[in-house]
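Remarks on the structure that follows.
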Amino acid sequence: MDAVVQENADYKDTMHTKLQHFDNLITIHKANTNIAATASQNQIQPEFKLPSLCLPTFSGTEDESWDNFWDKFVNSVGSNANVAKTTKFTYLQGVLKNESLKVVFNLTFTDDGYDNAVQLLKDNYAEPERTIWHLTQKLLNINPPDGTADSLQALRLELDSLLKALKNKVN
């Protein structure tokens, strides 16, 4: 019983620390909102359209893998040093849906806004336990092969992929 009480206290402390981080971000955001609003009224909006990219979307639901989404986003947009952070932020907001979009919706389109958005999303969704749960659910929901060579090969490849992903996450 003492271990459960201690675990609960540790969890409460961890959550308090995370919430304090968000309180700090909110305070900074409130202070910058008036400045950013005034500055954005004085800026001339560029008249160009961003190229269309085929990017995955992320809603923040339990059945989605943050790691999978983030790896694909970074490989498509996020790691390119020639792309401005404000442009990355535009792409990021374009692929977020529902709950995950609400996490970053009120941030401003600045370099700091992009950095804050990434940090908020990671704080909310980049949890190893969540990814392990997601991968385990996929493993448990694999359809059995129908006995053909193709279905056996597909099962082998899917099992190999899931087990390697689980091993990487657990390590």
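Lettering and numbering for the structure tokens are positional, with chains as A, B, ... in the shown order, residues counted from 1 in each chain, and ligands counted from 1 in the shown order.
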Polymer residues at most 7 Å from range 106-111 of chain A, only C-alpha atoms, same-chain spacing of 5 or more positions, as number ranges by chain: A: 85-86, 89
Distance query Val103 in chain A at most 8 Å, only C-alpha atoms, self and fewer than 2 positions along chain excluded, as a PyMOL selection string: chain A and resi 99-101+105-106+117+120-121
Selected residue, from A:Val118, A:Thr148, A:Leu135, A:Asn98, that lies nearest to Ser161 in chain A when counting only C-alpha atoms: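 Distance minimum relative to Ser161 in chain A lands on A:Leu135.
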Test item: residues at most 10 Å from Asn68 in chain A, only C-alpha atoms, excluding those fewer than 4 positions along its chain, as an MDAnalysis selection string: chainID A and resid 56 58 64 72:73 131
Spatial neighbours of Gln137 in chain A, max dist 12 Å, only C-alpha atoms, sep filter under 4 positions, as a CSV table (one decimal) with all heavy atoms, in the first residue's frame:
chain,number,residue,atom,x,y,z
A,62,GLU,N,-5.7,8.3,-28.8
A,62,GLU,CA,-4.9,7.2,-28.2
A,62,GLU,C,-4.4,6.2,-29.2
A,62,GLU,O,-3.4,5.6,-29.1
A,62,GLU,CB,-5.7,6.5,-27.1
A,62,GLU,CG,-5.8,7.2,-25.8
A,62,GLU,CD,-4.4,7.2,-25.1
A,62,GLU,OE1,-3.6,6.3,-25.2
A,62,GLU,OE2,-4.1,8.3,-24.6
A,63,ASP,N,-5.2,6.1,-30.3
A,63,ASP,CA,-4.8,5.1,-31.3
A,63,ASP,C,-3.8,5.6,-32.4
A,63,ASP,O,-3.5,4.9,-33.3
A,63,ASP,CB,-6.1,4.5,-32.0
A,63,ASP,CG,-6.8,5.6,-32.8
A,63,ASP,OD1,-6.6,6.8,-32.5
A,63,ASP,OD2,-7.5,5.2,-33.7
A,64,GLU,N,-3.3,6.8,-32.2
A,64,GLU,CA,-2.3,7.3,-33.1
A,64,GLU,C,-0.9,7.3,-32.4
A,64,GLU,O,-0.8,7.5,-31.2
A,64,GLU,CB,-2.6,8.8,-33.4
A,64,GLU,CG,-3.8,9.0,-34.3
A,64,GLU,CD,-4.1,10.4,-34.5
A,64,GLU,OE1,-4.4,11.1,-33.6
A,64,GLU,OE2,-4.0,10.8,-35.7
A,65,SER,N,0.1,7.1,-33.2
A,65,SER,CA,1.5,7.1,-32.8
A,65,SER,C,2.1,8.4,-33.0
A,65,SER,O,2.3,8.9,-34.1
A,65,SER,CB,2.3,6.0,-33.5
A,65,SER,OG,3.6,6.2,-33.3
A,130,ARG,N,2.9,5.5,-24.0
A,130,ARG,CA,1.9,5.6,-25.0
A,130,ARG,C,2.3,4.9,-26.3
A,130,ARG,O,1.5,4.2,-26.9
A,130,ARG,CB,1.6,7.1,-25.3
A,130,ARG,CG,0.6,7.4,-26.3
A,130,ARG,CD,0.5,8.9,-26.6
A,130,ARG,NE,-0.3,9.1,-27.8
A,130,ARG,CZ,-1.4,9.9,-27.8
A,130,ARG,NH1,-1.8,10.4,-26.7
A,130,ARG,NH2,-2.0,10.0,-28.9
A,131,THR,N,3.5,5.1,-26.7
A,131,THR,CA,4.0,4.5,-27.9
A,131,THR,C,4.1,3.0,-27.7
A,131,THR,O,3.7,2.2,-28.6
A,131,THR,CB,5.4,5.0,-28.3
A,131,THR,OG1,5.2,6.4,-28.5
A,131,THR,CG2,5.8,4.4,-29.6
A,132,ILE,N,4.5,2.5,-26.6
A,132,ILE,CA,4.6,1.1,-26.3
A,132,ILE,C,3.2,0.5,-26.3
A,132,ILE,O,3.0,-0.6,-26.9
A,132,ILE,CB,5.3,0.8,-25.0
A,132,ILE,CG1,6.8,1.1,-25.1
A,132,ILE,CG2,5.1,-0.6,-24.5
A,132,ILE,CD1,7.6,1.2,-23.8
A,133,TRP,N,2.3,1.2,-25.7
A,133,TRP,CA,0.9,0.7,-25.7
A,133,TRP,C,0.3,0.6,-27.1
A,133,TRP,O,-0.3,-0.4,-27.5
A,133,TRP,CB,0.0,1.6,-24.9
A,133,TRP,CG,-1.5,1.2,-24.8
A,133,TRP,CD1,-2.0,0.4,-24.0
A,133,TRP,CD2,-2.5,1.7,-25.7
A,133,TRP,NE1,-3.4,0.2,-24.3
A,133,TRP,CE2,-3.7,1.0,-25.4
A,133,TRP,CE3,-2.5,2.5,-26.8
A,133,TRP,CZ2,-4.9,1.2,-26.1
A,133,TRP,CZ3,-3.7,2.7,-27.5
A,133,TRP,CH2,-4.9,2.1,-27.1
A,141,ASN,N,-3.6,-7.0,-32.4
A,141,ASN,CA,-4.7,-7.0,-33.4
A,141,ASN,C,-4.3,-7.5,-34.8
A,141,ASN,O,-5.0,-7.3,-35.7
A,141,ASN,CB,-5.2,-5.5,-33.5
A,141,ASN,CG,-5.9,-5.1,-32.3
A,141,ASN,OD1,-6.6,-5.9,-31.6
A,141,ASN,ND2,-5.8,-3.8,-31.9
A,142,ILE,N,-3.1,-8.1,-34.9
A,142,ILE,CA,-2.7,-8.6,-36.2
A,142,ILE,C,-3.6,-9.7,-36.6
A,142,ILE,O,-4.0,-10.6,-35.8
A,142,ILE,CB,-1.2,-9.2,-36.1
A,142,ILE,CG1,-0.2,-8.0,-36.0
A,142,ILE,CG2,-0.9,-10.0,-37.3
A,142,ILE,CD1,1.2,-8.5,-35.8
A,162,LEU,N,7.0,-4.6,-36.0
A,162,LEU,CA,6.4,-4.2,-34.7
A,162,LEU,C,7.4,-4.6,-33.5
A,162,LEU,O,7.6,-3.8,-32.6
A,162,LEU,CB,5.1,-4.9,-34.5
A,162,LEU,CG,3.9,-4.3,-35.3
A,162,LEU,CD1,2.7,-5.1,-35.2
A,162,LEU,CD2,3.6,-2.8,-34.8
A,163,LEU,N,8.0,-5.8,-33.6
A,163,LEU,CA,8.9,-6.2,-32.5
A,163,LEU,C,10.1,-5.4,-32.5
A,163,LEU,O,10.6,-5.0,-31.4
A,163,LEU,CB,9.2,-7.7,-32.7
A,163,LEU,CG,8.0,-8.7,-32.4
A,163,LEU,CD1,8.4,-10.1,-32.8
A,163,LEU,CD2,7.5,-8.6,-31.0
A,166,LEU,N,9.1,-2.0,-30.9
A,166,LEU,CA,8.9,-2.2,-29.5
A,166,LEU,C,10.3,-2.3,-28.8
A,166,LEU,O,10.5,-1.7,-27.7
A,166,LEU,CB,8.1,-3.5,-29.2
A,166,LEU,CG,6.6,-3.3,-29.1
A,166,LEU,CD1,5.9,-4.6,-29.1
A,166,LEU,CD2,6.1,-2.4,-28.0
Residue nearest Gly60 in chain A - candidates A:Asp2, A:Asp115, A:Asp10, A:Glu127, atoms counted: only C-alpha atoms: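 Of A:Asp2, A:Asp115, A:Asp10, A:Glu127, the one nearest Gly60 in chain A, counting only C-alpha atoms, is A:Glu127.
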Selection near Leu55 in chain A, 12 Å with only C-alpha atoms, sequence-local residues under 3 positions removed, as a PyMOL selection string: chain A and resi 51-52+58+68-78+91-96
Residue list (helix (DSSP H, G or I), DSSP) for range 64-97 of chain A, as a list in words: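 So, restricting range 64-97 of chain A to helix (DSSP H, G or I), we get Trp66, Asp67, Asn68, Phe69, Trp70, Asp71, Lys72, Phe73, Val74, Asn75, Ser76, Val77, Gly78, Lys85, Thr86, Thr87, Lys88, Phe89, Thr90, Tyr91, Leu92, Gln93, Gly94 and Val95 of chain A.
CA of Ala165 in chain A lies 20.7 Å from CA of Asn124 in chain A.
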Minimum-distance residue to Gly113 in chain A, chosen among A:Leu159, A:Gly147, A:Thr90, A:Glu129 (using only C-alpha atoms):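 When distances to Gly113 in chain A are compared using only C-alpha atoms, the smallest one comes from A:Thr90.
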Separation of CA of Val83 in chain A from CA of Asn168 in chain A in Å: 29.8 Å
Selected residue, from A:Leu139, A:Lys97, A:Asn116, A:Thr87, that lies nearest to Leu157 in chain A when counting only C-alpha atoms: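 Nearest candidate to Leu157 in chain A out of A:Leu139, A:Lys97, A:Asn116, A:Thr87: A:Leu139.
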